$ cat coords-v6.cif   # mmCIF, C-alpha atoms
data_entry
#
loop_
_atom_site.label_atom_id
_atom_site.label_comp_id
_atom_site.auth_asym_id
_atom_site.auth_seq_id
_atom_site.Cartn_x
_atom_site.Cartn_y
_atom_site.Cartn_z
CA MET A 1 -4.91 26.49 -85.68
CA TRP A 2 -6.85 25.04 -88.59
CA ARG A 3 -10.62 24.80 -88.20
CA SER A 4 -13.04 22.30 -89.71
CA VAL A 5 -14.46 23.20 -93.10
CA GLY A 6 -18.00 22.57 -91.81
CA ALA A 7 -17.56 25.02 -88.96
CA LEU A 8 -16.13 27.60 -91.32
CA ILE A 9 -18.99 27.29 -93.77
CA ALA A 10 -21.49 27.59 -90.92
CA ALA A 11 -19.68 30.64 -89.60
CA SER A 12 -19.65 32.18 -93.07
CA ILE A 13 -23.37 31.70 -93.55
CA ALA A 14 -24.08 33.04 -90.07
CA ALA A 15 -21.93 36.09 -90.71
CA PHE A 16 -23.65 36.70 -94.02
CA VAL A 17 -27.12 36.43 -92.48
CA LEU A 18 -26.09 38.55 -89.49
CA ALA A 19 -24.94 41.25 -91.86
CA GLY A 20 -28.34 41.36 -93.52
CA CYS A 21 -26.73 41.71 -96.94
CA THR A 22 -29.32 42.12 -99.66
CA GLY A 23 -27.24 43.10 -102.69
CA GLY A 24 -28.96 45.18 -105.30
CA ALA A 25 -28.04 48.51 -106.78
CA PRO A 26 -26.54 51.18 -104.54
CA PRO A 27 -28.40 54.41 -103.86
CA LEU A 28 -28.06 57.10 -106.46
CA PRO A 29 -25.14 59.43 -105.70
CA PRO A 30 -25.98 62.67 -103.90
CA ALA A 31 -26.22 65.97 -105.65
CA GLN A 32 -23.11 68.13 -105.73
CA ALA A 33 -21.87 68.69 -102.20
CA ASP A 34 -23.66 71.54 -100.48
CA ALA A 35 -21.65 72.60 -97.43
CA ALA A 36 -24.39 74.94 -96.22
CA ARG A 37 -27.02 72.19 -96.38
CA SER A 38 -24.75 69.75 -94.52
CA GLU A 39 -24.16 72.34 -91.83
CA ARG A 40 -27.93 72.88 -91.50
CA GLU A 41 -28.46 69.13 -91.15
CA LYS A 42 -25.78 68.95 -88.48
CA GLN A 43 -27.33 71.83 -86.58
CA ALA A 44 -30.75 70.16 -86.69
CA PHE A 45 -29.16 67.00 -85.24
CA VAL A 46 -27.36 69.01 -82.56
CA GLU A 47 -30.53 70.90 -81.65
CA ALA A 48 -32.48 67.63 -81.29
CA LEU A 49 -29.83 66.29 -78.89
CA LYS A 50 -29.48 69.29 -76.58
CA PRO A 51 -29.94 68.32 -72.91
CA HIS A 52 -33.50 68.32 -71.59
CA ARG A 53 -32.58 68.21 -67.92
CA ALA A 54 -30.54 70.45 -65.65
CA GLY A 55 -27.17 69.24 -64.45
CA ARG A 56 -24.43 67.11 -65.96
CA PRO A 57 -25.87 64.62 -68.47
CA VAL A 58 -25.54 60.86 -68.06
CA VAL A 59 -24.62 58.73 -71.08
CA ALA A 60 -25.04 54.94 -71.05
CA VAL A 61 -23.07 53.02 -73.67
CA LEU A 62 -25.07 49.81 -73.97
CA ALA A 63 -23.25 46.48 -74.31
CA LEU A 64 -23.92 42.76 -74.53
CA ASN A 65 -21.41 40.82 -72.42
CA GLU A 66 -21.14 37.98 -74.91
CA GLY A 67 -20.20 40.17 -77.87
CA THR A 68 -20.34 43.87 -78.74
CA GLU A 69 -18.66 45.45 -81.77
CA MET A 70 -15.32 46.78 -80.61
CA THR A 71 -15.16 50.09 -82.45
CA ASP A 72 -18.85 50.86 -81.90
CA LEU A 73 -18.23 50.65 -78.15
CA LEU A 74 -14.69 51.97 -77.71
CA LEU A 75 -14.94 55.03 -79.98
CA PRO A 76 -18.11 56.60 -78.52
CA HIS A 77 -16.96 55.87 -74.98
CA ALA A 78 -13.50 57.34 -75.61
CA VAL A 79 -14.69 60.45 -77.46
CA LEU A 80 -17.25 61.32 -74.80
CA GLN A 81 -14.81 60.68 -71.96
CA ARG A 82 -12.22 62.84 -73.69
CA ALA A 83 -14.76 65.65 -74.08
CA ASP A 84 -15.62 65.53 -70.35
CA VAL A 85 -19.11 66.93 -70.95
CA ALA A 86 -21.08 64.05 -69.40
CA ASP A 87 -20.84 61.11 -67.01
CA VAL A 88 -20.30 58.07 -69.25
CA ARG A 89 -20.98 54.48 -68.21
CA ILE A 90 -20.81 51.18 -70.06
CA VAL A 91 -23.94 49.24 -69.09
CA ALA A 92 -24.64 45.56 -69.78
CA PRO A 93 -26.91 42.79 -68.51
CA ARG A 94 -24.08 41.62 -66.21
CA ALA A 95 -21.42 43.65 -64.45
CA GLY A 96 -17.80 43.03 -65.42
CA ARG A 97 -16.36 41.81 -68.68
CA VAL A 98 -17.56 42.52 -72.21
CA SER A 99 -16.20 40.45 -75.09
CA LEU A 100 -15.64 42.61 -78.16
CA TYR A 101 -15.66 41.52 -81.77
CA PRO A 102 -13.75 41.16 -83.99
CA ALA A 103 -11.14 41.31 -81.17
CA LEU A 104 -10.25 42.29 -77.59
CA GLU A 105 -12.10 42.28 -74.27
CA VAL A 106 -12.76 44.98 -71.68
CA ASP A 107 -13.75 44.99 -68.04
CA GLY A 108 -15.77 47.38 -65.90
CA ALA A 109 -19.32 47.30 -67.25
CA GLN A 110 -22.08 48.22 -64.82
CA ASP A 111 -25.15 46.00 -64.76
CA PHE A 112 -28.65 47.31 -65.50
CA ALA A 113 -29.81 47.07 -61.89
CA GLY A 114 -26.75 48.92 -60.61
CA PHE A 115 -27.18 51.69 -63.15
CA ASP A 116 -30.88 52.04 -62.31
CA ARG A 117 -30.13 52.36 -58.59
CA LEU A 118 -27.65 55.16 -59.23
CA HIS A 119 -29.76 56.88 -61.90
CA PRO A 120 -33.44 56.28 -61.07
CA VAL A 121 -34.59 58.96 -63.53
CA GLY A 122 -32.67 57.20 -66.30
CA ALA A 123 -29.91 58.14 -68.71
CA ASP A 124 -30.05 61.28 -70.81
CA TYR A 125 -28.57 59.43 -73.78
CA VAL A 126 -28.09 55.76 -74.63
CA ILE A 127 -25.48 54.80 -77.23
CA VAL A 128 -26.26 51.43 -78.85
CA PRO A 129 -23.43 49.57 -80.60
CA ALA A 130 -23.81 46.51 -82.82
CA MET A 131 -24.11 43.27 -80.86
CA ILE A 132 -23.48 39.64 -81.72
CA ALA A 133 -27.18 39.00 -81.00
CA ASP A 134 -29.50 41.88 -81.80
CA ASP A 135 -32.54 40.38 -80.06
CA ASN A 136 -31.43 39.94 -76.46
CA PRO A 137 -34.62 40.44 -74.41
CA GLN A 138 -32.86 42.04 -71.43
CA VAL A 139 -31.18 44.59 -73.68
CA ALA A 140 -34.43 45.40 -75.49
CA ALA A 141 -36.42 45.76 -72.26
CA TRP A 142 -33.84 48.02 -70.62
CA LEU A 143 -33.53 50.19 -73.72
CA LYS A 144 -37.31 50.64 -73.91
CA GLN A 145 -37.35 51.52 -70.21
CA GLN A 146 -34.71 54.21 -70.73
CA VAL A 147 -36.65 55.72 -73.63
CA ALA A 148 -39.79 55.77 -71.50
CA ARG A 149 -37.82 57.79 -68.94
CA GLY A 150 -36.80 60.35 -71.55
CA ALA A 151 -33.48 59.10 -72.94
CA ARG A 152 -32.46 59.93 -76.49
CA VAL A 153 -30.98 56.95 -78.35
CA ILE A 154 -28.08 56.80 -80.82
CA GLY A 155 -27.76 53.49 -82.67
CA VAL A 156 -24.21 53.21 -84.02
CA CYS A 157 -23.74 51.22 -87.24
CA SER A 158 -25.54 47.85 -86.91
CA GLY A 159 -26.66 48.97 -83.47
CA ALA A 160 -29.68 50.08 -85.50
CA ARG A 161 -30.73 46.41 -85.49
CA VAL A 162 -30.72 46.40 -81.68
CA VAL A 163 -32.63 49.69 -81.61
CA GLY A 164 -35.17 48.19 -84.00
CA ARG A 165 -35.66 45.07 -81.87
CA ALA A 166 -36.70 47.41 -79.05
CA GLY A 167 -39.48 48.73 -81.32
CA LEU A 168 -37.83 52.10 -81.89
CA LEU A 169 -37.50 52.13 -85.69
CA ASP A 170 -41.10 51.49 -86.75
CA GLY A 171 -42.29 54.49 -88.73
CA ARG A 172 -38.97 56.29 -88.40
CA ARG A 173 -36.27 57.40 -90.83
CA PHE A 174 -32.92 55.70 -90.28
CA ALA A 175 -29.35 55.53 -91.57
CA GLY A 176 -27.63 52.34 -90.39
CA HIS A 177 -24.85 50.26 -91.92
CA TRP A 178 -25.37 49.55 -95.61
CA TYR A 179 -25.43 45.78 -94.89
CA ASP A 180 -28.61 46.23 -92.88
CA ARG A 181 -30.77 48.25 -95.26
CA GLY A 182 -32.99 45.41 -96.48
CA THR A 183 -33.26 43.72 -93.10
CA LEU A 184 -34.35 46.88 -91.31
CA LEU A 185 -36.88 47.82 -93.98
CA ALA A 186 -38.38 44.32 -93.86
CA ARG A 187 -38.57 44.23 -90.07
CA HIS A 188 -39.99 47.65 -89.33
CA PRO A 189 -43.29 48.83 -90.81
CA GLY A 190 -43.24 52.40 -92.07
CA ALA A 191 -39.48 52.77 -91.57
CA SER A 192 -37.57 54.52 -94.35
CA TYR A 193 -33.88 54.34 -95.18
CA VAL A 194 -32.16 57.69 -95.82
CA PRO A 195 -29.00 57.43 -97.95
CA HIS A 196 -26.10 59.89 -98.04
CA GLN A 197 -26.24 60.87 -94.36
CA ARG A 198 -23.78 59.38 -91.93
CA TYR A 199 -26.07 60.22 -89.04
CA LEU A 200 -29.64 61.47 -88.60
CA ILE A 201 -32.29 61.67 -85.88
CA ASP A 202 -36.04 61.13 -85.98
CA ARG A 203 -38.11 61.84 -82.87
CA GLY A 204 -35.39 61.15 -80.36
CA VAL A 205 -33.90 58.09 -82.09
CA ALA A 206 -30.66 58.66 -83.99
CA THR A 207 -28.81 56.20 -86.23
CA THR A 208 -25.47 56.30 -88.01
CA THR A 209 -23.98 54.61 -91.04
CA GLY A 210 -21.02 52.21 -90.69
CA ILE A 211 -18.36 51.91 -88.03
CA THR A 212 -16.41 55.05 -88.89
CA ALA A 213 -19.49 57.31 -88.49
CA SER A 214 -19.38 56.99 -84.70
CA VAL A 215 -16.75 59.71 -84.23
CA PRO A 216 -18.61 62.42 -86.22
CA ALA A 217 -21.86 61.51 -84.50
CA MET A 218 -20.22 61.73 -81.07
CA LEU A 219 -18.67 65.09 -81.96
CA ALA A 220 -22.17 66.31 -82.83
CA LEU A 221 -23.36 65.06 -79.44
CA VAL A 222 -20.44 66.85 -77.76
CA GLU A 223 -21.49 70.02 -79.60
CA ALA A 224 -25.07 69.55 -78.39
CA ILE A 225 -23.96 69.25 -74.76
CA GLY A 226 -20.83 71.40 -74.59
CA GLY A 227 -21.03 73.78 -77.54
CA GLU A 228 -19.31 74.14 -80.91
CA GLU A 229 -16.01 75.39 -79.52
CA LYS A 230 -15.65 72.29 -77.34
CA ALA A 231 -16.48 70.02 -80.28
CA ARG A 232 -14.08 71.82 -82.61
CA ALA A 233 -11.18 71.59 -80.15
CA LEU A 234 -11.84 67.88 -79.68
CA ALA A 235 -12.09 67.29 -83.43
CA THR A 236 -8.69 68.94 -83.90
CA GLU A 237 -7.23 66.76 -81.14
CA LEU A 238 -8.63 63.61 -82.75
CA GLY A 239 -7.59 64.57 -86.29
CA VAL A 240 -11.10 65.10 -87.68
CA ALA A 241 -11.65 67.89 -90.22
CA SER A 242 -15.47 67.86 -90.29
CA TRP A 243 -18.27 66.19 -88.39
CA THR A 244 -21.24 67.13 -90.59
CA PRO A 245 -23.50 64.26 -91.76
CA ALA A 246 -22.36 64.56 -95.39
CA HIS A 247 -21.73 61.05 -96.78
CA ASP A 248 -21.78 59.39 -100.20
CA SER A 249 -23.56 56.05 -99.80
CA SER A 250 -23.23 55.03 -103.45
CA PRO A 251 -19.92 53.07 -103.16
CA PHE A 252 -21.32 50.81 -100.42
CA TYR A 253 -23.33 47.84 -101.71
CA LEU A 254 -23.01 44.18 -102.65
CA ASP A 255 -23.08 42.89 -106.20
CA ALA A 256 -22.46 39.25 -107.10
CA GLY A 257 -18.68 39.63 -107.10
CA ARG A 258 -18.53 41.40 -103.76
CA ARG A 259 -20.92 38.85 -102.23
CA ALA A 260 -18.62 36.02 -103.34
CA ASP A 261 -15.59 37.85 -101.95
CA PHE A 262 -17.41 38.33 -98.65
CA LEU A 263 -18.22 34.64 -98.25
CA LEU A 264 -14.77 33.48 -99.36
CA ASN A 265 -13.18 35.90 -96.93
CA LYS A 266 -15.26 34.63 -94.02
CA ALA A 267 -14.67 30.99 -94.97
CA ALA A 268 -10.91 31.34 -95.49
CA PHE A 269 -9.60 28.22 -93.74
CA TRP A 270 -6.03 29.50 -94.12
CA ARG A 271 -6.81 32.35 -91.74
CA GLY A 272 -5.09 31.96 -88.43
CA GLU A 273 -2.14 34.35 -88.10
CA ARG A 274 -2.12 35.58 -84.53
CA TRP A 275 -0.75 39.07 -84.04
CA ARG A 276 -0.25 41.07 -80.90
CA VAL A 277 -0.71 44.74 -80.18
CA ASP A 278 1.44 45.91 -77.27
CA VAL A 279 -0.57 48.06 -74.87
CA GLN A 280 0.18 49.98 -71.72
CA ASP A 281 -1.66 52.27 -69.33
CA GLY A 282 -2.85 55.39 -71.14
CA ALA A 283 -3.04 53.75 -74.59
CA ASP A 284 -5.38 55.65 -76.90
CA ASP A 285 -8.68 53.81 -77.30
CA VAL A 286 -9.52 55.40 -80.65
CA ALA A 287 -6.27 54.60 -82.46
CA LEU A 288 -6.18 51.11 -80.95
CA ALA A 289 -9.74 50.24 -81.95
CA LEU A 290 -9.49 51.53 -85.51
CA ALA A 291 -6.23 49.70 -86.21
CA VAL A 292 -7.22 46.38 -84.63
CA ASP A 293 -10.67 46.42 -86.23
CA ALA A 294 -9.25 47.08 -89.70
CA TRP A 295 -6.51 44.42 -89.51
CA THR A 296 -8.91 41.80 -88.19
CA ARG A 297 -11.39 42.51 -91.00
CA THR A 298 -8.80 41.48 -93.59
CA GLY A 299 -9.91 37.93 -92.83
CA HIS A 300 -6.31 36.78 -92.34
CA ILE A 301 -5.37 37.59 -88.76
CA ASP A 302 -6.56 37.64 -85.17
CA VAL A 303 -5.19 40.23 -82.74
CA ASP A 304 -4.48 39.85 -79.04
CA ALA A 305 -3.71 42.64 -76.60
CA ALA A 306 -0.29 42.05 -75.04
CA SER A 307 1.10 43.43 -71.78
CA ALA A 308 3.63 41.86 -69.42
CA SER A 309 1.73 43.37 -66.48
CA GLY A 310 -1.70 42.05 -67.49
CA PRO A 311 -4.77 44.31 -67.78
CA VAL A 312 -4.15 47.97 -68.63
CA ARG A 313 -6.20 51.11 -68.19
CA LEU A 314 -6.80 52.88 -71.50
CA ARG A 315 -6.81 56.66 -71.85
CA SER A 316 -10.59 56.73 -71.35
CA GLY A 317 -10.26 54.90 -68.04
CA LEU A 318 -11.66 51.65 -69.42
CA VAL A 319 -9.78 48.47 -68.47
CA LEU A 320 -8.50 46.41 -71.41
CA LEU A 321 -7.71 42.77 -70.68
CA ALA A 322 -4.24 41.80 -71.87
CA GLN A 323 -1.85 38.86 -71.50
CA PRO A 324 1.92 38.46 -71.90
CA ALA A 325 2.89 38.38 -75.59
CA ARG A 326 2.80 35.05 -77.40
CA GLU A 327 6.25 33.95 -78.46
CA GLY A 328 6.86 34.64 -82.15
CA ALA A 329 3.64 36.63 -82.70
CA SER A 330 3.83 39.40 -85.28
CA ARG A 331 3.40 42.87 -83.84
CA LEU A 332 0.73 45.37 -84.86
CA SER A 333 2.27 48.79 -84.39
CA LEU A 334 0.54 52.10 -83.73
CA SER A 335 2.10 55.40 -84.73
CA SER A 336 2.82 57.78 -81.86
CA SER A 337 3.22 60.63 -84.36
CA LEU A 338 -0.35 60.46 -85.67
CA LYS A 339 -3.54 61.81 -84.19
CA PRO A 340 -5.96 59.01 -83.31
CA VAL A 341 -8.39 59.00 -86.27
CA PRO A 342 -5.72 59.25 -89.04
CA GLN A 343 -4.34 56.00 -87.63
CA LEU A 344 -6.96 54.30 -89.80
CA ASP A 345 -5.46 55.68 -93.02
CA ARG A 346 -2.01 54.46 -91.98
CA THR A 347 -3.44 51.02 -91.20
CA LEU A 348 -5.22 50.81 -94.54
CA CYS A 349 -1.97 51.65 -96.31
CA GLU A 350 -0.28 48.79 -94.47
CA ILE A 351 -3.12 46.42 -95.33
CA GLY A 352 -2.80 47.36 -99.01
CA GLU A 353 0.94 46.72 -98.91
CA ARG A 354 0.52 43.31 -97.28
CA TYR A 355 -2.62 41.94 -98.93
CA GLY A 356 -3.24 44.18 -101.95
CA THR A 357 -5.61 47.03 -102.71
CA GLY A 358 -8.56 44.66 -103.20
CA ARG A 359 -8.40 43.48 -99.61
CA ARG A 360 -7.83 47.04 -98.39
CA ASP A 361 -10.91 48.20 -100.31
CA TRP A 362 -12.98 45.39 -98.82
CA VAL A 363 -11.99 46.47 -95.31
CA MET A 364 -13.11 49.98 -96.22
CA GLN A 365 -16.43 48.52 -97.40
CA GLU A 366 -16.97 46.64 -94.14
CA MET A 367 -16.14 49.74 -92.11
CA GLU A 368 -18.13 51.96 -94.49
CA TYR A 369 -15.13 54.24 -94.71
CA PRO A 370 -15.08 56.47 -97.78
CA GLY A 371 -11.51 57.71 -97.22
CA PRO A 372 -9.41 59.62 -97.75
CA VAL A 373 -6.63 57.07 -97.59
CA ALA A 374 -3.40 59.03 -97.24
CA ALA A 375 -0.69 58.60 -99.86
CA CYS A 376 1.21 55.47 -98.92
CA ALA A 377 4.40 55.84 -100.97
CA GLY A 378 7.50 56.17 -98.84
CA ARG A 379 5.71 55.36 -95.62
CA PRO A 380 7.59 52.98 -93.29
CA ALA A 381 6.26 49.43 -93.31
CA ALA A 382 4.55 47.88 -90.34
CA ALA A 383 6.77 46.28 -87.69
#

$ encode --input "coords-v6.cif" --output "structure tokens"
Amino acid sequence: MWRSVGALIAASIAAFVLAGCTGGAPPLPPAQADAARSEREKQAFVEALKPHRAGRPVVAVLALNEGTEMTDLLLPHAVLQRADVADVRIVAPRAGRVSLYPALEVDGAQDFAGFDRLHPVGADYVIVPAMIADDNPQVAAWLKQQVARGARVIGVCSGARVVGRAGLLDGRRFAGHWYDRGTLLARHPGASYVPHQRYLIDRGVATTTGITASVPAMLALVEAIGGEEKARALATELGVASWTPAHDSSPFYLDAGRRADFLLNKAAFWRGERWRVDVQDGADDVALALAVDAWTRTGHIDVDAASASGPVRLRSGLVLLAQPAREGASRLSLSSSLKPVPQLDRTLCEIGERYGTGRRDWVMQEMEYPGPVAACAGRPAAA
């Protein structure tokens, strides 16, 4: 369906402002990789996140019902559920449904009051995804309450903006998505941006770089709670080679050309292809989220979850809302032969084949994904 040009321009400007893009030169590249240093940084992060209380930890994945970033929510929830080292709950101002962006919708969130009744001493950890509005007063108040009760906080990607609105970044070092650098520095007195680390922690408040940093950060949390052997086994299962904080921030920035591409992409009035991803009970949250997020960020398609039986229960136990497939909709396929995280490389190959390497590279920018992108030659095309 075509949209009005005025609405598209407004949406483009809003998206640009929401991203907090400031342009400017990227950070200087890091010194030659030092594996020992990266391992020390990881261990410091793990040590800072070790449980403070006896018993099985409680993790709250915070959400805003009206819009929470899909991958920021689904990946941490799925990784922690898969690890089985803590009780994990999605918590939102209202119980029930959470709309995800750029696509999909889930059901089963617990409301703040319900969580507080069950856990009067508070959560041990609160994971904070990006949200469509970073200044919701209920979210900020509940997050501050949890910190006052002893919770450690992990702001994933632009979840750092939500963490900051709760007053938790002032005077602290932070990572955060590269879009948000200037905004966070301007908002929070004494805060300092740390490049070239995909996650870090400062006095109980952790932050990560872009979307794809959530899995390494969650593996570090799994290591803190359940030990290195548990984290290593899970990393192998997910298809992750390393979960240290090593990260090169230098490719991620906006110059004039990239800024123009960003606005044109968001204002593309020819966008409107509707695809479907067929889902069933037990579908892998991680592979699903990475593929749908990447395709939607091309700026050319929207993706619906399709199931003849309606809502399905994902592997993590979370309920994904789905409807019967639209007639004639193109199908987004997931590979059953790949581990969950490498699904992103396959998807990026498909995006490059369909829309060109420039669009593929832009998706990588938005997701702050440095690669590697697997060799695409000879790989079967998307269905």

$ closest_residue --input "coords-v6.cif" --among "A:Leu100, A:Ala86, A:Ala283, A:Leu234" --to "Ile132 of chain A" --atoms "all atoms listed in the file"
A:Leu100

$ residues_near_point --input "coords-v6.cif" --point "(-18.1, 45.4, -78.4)" --cutoff "6 Å" --atoms "only C-alpha atoms" --output "list in words"
Gly67, Thr68, Glu69, Met70, Leu73, Leu100 and Tyr101 of chain A

$ atom_distance --input "coords-v6.cif" --atom1 "atom CA of Ser333 of chain A" --atom2 "atom CA of Arg313 of chain A"
18.4 Å

$ residues_around --input "coords-v6.cif" --residues "segment 103-105 of chain A" --least-positions-apart "4" --cutoff "6 Å" --atoms "all atoms listed in the file" --output "short mmCIF file (atom, residue, chain, number, x, y, z; two decimals) with C-alpha atoms, in the coordinates of the input"
data_model
loop_
_atom_site.label_atom_id
_atom_site.label_comp_id
_atom_site.auth_asym_id
_atom_site.auth_seq_id
_atom_site.Cartn_x
_atom_site.Cartn_y
_atom_site.Cartn_z
CA VAL A 98 -17.56 42.52 -72.21
CA SER A 99 -16.20 40.45 -75.09
CA LEU A 321 -7.71 42.77 -70.68
#

$ closest_atom_pairs --input "coords-v6.cif" --of "segment 208-287 of chain A" --to "segment 25-48 of chain A" --cutoff "9 Å" --atoms "all atoms listed in the file" --output "Markdown table"
| residue | atom | partner | partner_atom | distance |
| --- | --- | --- | --- | --- |
| A:Ala220 | CA | A:Val46 | CA | 5.9 |
| A:Leu221 | CA | A:Val46 | CA | 6.4 |
| A:Val222 | CA | A:Val46 | CA | 8.7 |
| A:Glu223 | CA | A:Val46 | CA | 6.7 |
| A:Ala224 | CA | A:Val46 | CA | 4.8 |
| A:Ile225 | CA | A:Val46 | CA | 8.5 |
| A:Trp243 | CA | A:Lys42 | CA | 8.0 |
| A:Thr244 | CA | A:Lys42 | CA | 5.3 |
| A:Pro245 | CA | A:Lys42 | CA | 6.2 |
| A:Ala246 | CA | A:Ser38 | CA | 5.8 |
| A:His247 | CA | A:Pro30 | CA | 8.4 |
| A:Asp248 | CA | A:Pro29 | CA | 6.4 |
| A:Ser249 | CA | A:Pro27 | CA | 6.5 |
| A:Ser250 | CA | A:Pro26 | CA | 5.2 |
| A:Pro251 | CA | A:Pro26 | CA | 7.0 |
| A:Phe252 | CA | A:Pro26 | CA | 6.7 |
| A:Tyr253 | CA | A:Pro26 | CA | 5.4 |
| A:Leu254 | CA | A:Ala25 | CA | 7.8 |
| A:Asp255 | CA | A:Ala25 | CA | 7.5 |

$ closest_residue --input "coords-v6.cif" --among "A:Val106, A:Ile201, A:Ile127, A:Ala233" --to "Pro311 of chain A" --atoms "all atoms listed in the file"
A:Val106

$ closest_residue --input "coords-v6.cif" --among "A:Asp304, A:Asp134, A:Asp116, A:Asp170" --to "Arg149 of chain A" --atoms "all atoms listed in the file"
A:Asp116

$ closest_residue --input "coords-v6.cif" --among "A:Leu200, A:Leu168, A:Ala141, A:Leu332" --to "Leu49 of chain A" --atoms "only C-alpha atoms"
A:Leu200

$ atom_distance --input "coords-v6.cif" --atom1 "atom CA of Gly155 of chain A" --atom2 "atom CA of Ala133 of chain A"
14.6 Å

$ atom_distance --input "coords-v6.cif" --atom1 "atom CA of Asp111 of chain A" --atom2 "atom CA of Thr71 of chain A"
20.7 Å

$ closest_residue --input "coords-v6.cif" --among "A:Trp295, A:Tyr125, A:Trp178, A:Trp142" --to "Ile211 of chain A" --atoms "only C-alpha atoms"
A:Trp178

$ closest_residue --input "coords-v6.cif" --among "A:Gly204, A:Arg117, A:Leu62, A:Gly226" --to "Ala140 of chain A" --atoms "all atoms listed in the file"
A:Leu62

$ resolve_selection --input "coords-v6.cif" --expression "the PyMOL selection byres ((chain A and resi 308) around 12)" --output "PyMOL selection string"
chain A and resi 277-281+305-307+309-312+321-326

$ resolve_selection --input "coords-v6.cif" --expression "the PyMOL selection byres ((chain A and resi 364-366) around 12)" --output "PyMOL selection string"
chain A and resi 16+19+21+102+157-158+177-180+209-212+249-254+258-259+261-262+265+290+293-299+344-345+347-349+351-352+357-363+367-373

$ write_last_selection --input "coords-v6.cif" --atoms "C-alpha atoms" --output "compact mmCIF listing (two decimals), keeping the file's coordinate frame"
# COMPACT_ATOMS: atom_id res chain seq x y z
CA PHE A 16 -23.65 36.70 -94.02
CA ALA A 19 -24.94 41.25 -91.86
CA CYS A 21 -26.73 41.71 -96.94
CA PRO A 102 -13.75 41.16 -83.99
CA CYS A 157 -23.74 51.22 -87.24
CA SER A 158 -25.54 47.85 -86.91
CA HIS A 177 -24.85 50.26 -91.92
CA TRP A 178 -25.37 49.55 -95.61
CA TYR A 179 -25.43 45.78 -94.89
CA ASP A 180 -28.61 46.23 -92.88
CA THR A 209 -23.98 54.61 -91.04
CA GLY A 210 -21.02 52.21 -90.69
CA ILE A 211 -18.36 51.91 -88.03
CA THR A 212 -16.41 55.05 -88.89
CA SER A 249 -23.56 56.05 -99.80
CA SER A 250 -23.23 55.03 -103.45
CA PRO A 251 -19.92 53.07 -103.16
CA PHE A 252 -21.32 50.81 -100.42
CA TYR A 253 -23.33 47.84 -101.71
CA LEU A 254 -23.01 44.18 -102.65
CA ARG A 258 -18.53 41.40 -103.76
CA ARG A 259 -20.92 38.85 -102.23
CA ASP A 261 -15.59 37.85 -101.95
CA PHE A 262 -17.41 38.33 -98.65
CA ASN A 265 -13.18 35.90 -96.93
CA LEU A 290 -9.49 51.53 -85.51
CA ASP A 293 -10.67 46.42 -86.23
CA ALA A 294 -9.25 47.08 -89.70
CA TRP A 295 -6.51 44.42 -89.51
CA THR A 296 -8.91 41.80 -88.19
CA ARG A 297 -11.39 42.51 -91.00
CA THR A 298 -8.80 41.48 -93.59
CA GLY A 299 -9.91 37.93 -92.83
CA LEU A 344 -6.96 54.30 -89.80
CA ASP A 345 -5.46 55.68 -93.02
CA THR A 347 -3.44 51.02 -91.20
CA LEU A 348 -5.22 50.81 -94.54
CA CYS A 349 -1.97 51.65 -96.31
CA ILE A 351 -3.12 46.42 -95.33
CA GLY A 352 -2.80 47.36 -99.01
CA THR A 357 -5.61 47.03 -102.71
CA GLY A 358 -8.56 44.66 -103.20
CA ARG A 359 -8.40 43.48 -99.61
CA ARG A 360 -7.83 47.04 -98.39
CA ASP A 361 -10.91 48.20 -100.31
CA TRP A 362 -12.98 45.39 -98.82
CA VAL A 363 -11.99 46.47 -95.31
CA MET A 367 -16.14 49.74 -92.11
CA GLU A 368 -18.13 51.96 -94.49
CA TYR A 369 -15.13 54.24 -94.71
CA PRO A 370 -15.08 56.47 -97.78
CA GLY A 371 -11.51 57.71 -97.22
CA PRO A 372 -9.41 59.62 -97.75
CA VAL A 373 -6.63 57.07 -97.59

$ residues_around --input "coords-v6.cif" --residues "Arg203 of chain A" --least-positions-apart "3" --cutoff "10 Å" --atoms "only C-alpha atoms" --output "list in words"
Ala48, Arg152, Val153, Leu168, Arg172, Arg173 and Ala206 of chain A

$ write_last_selection --input "coords-v6.cif" --atoms "C-alpha atoms" --output "compact mmCIF listing (two decimals), in the coordinates of the input"
# COMPACT_ATOMS: atom_id res chain seq x y z
CA ALA A 48 -32.48 67.63 -81.29
CA ARG A 152 -32.46 59.93 -76.49
CA VAL A 153 -30.98 56.95 -78.35
CA LEU A 168 -37.83 52.10 -81.89
CA ARG A 172 -38.97 56.29 -88.40
CA ARG A 173 -36.27 57.40 -90.83
CA ALA A 206 -30.66 58.66 -83.99
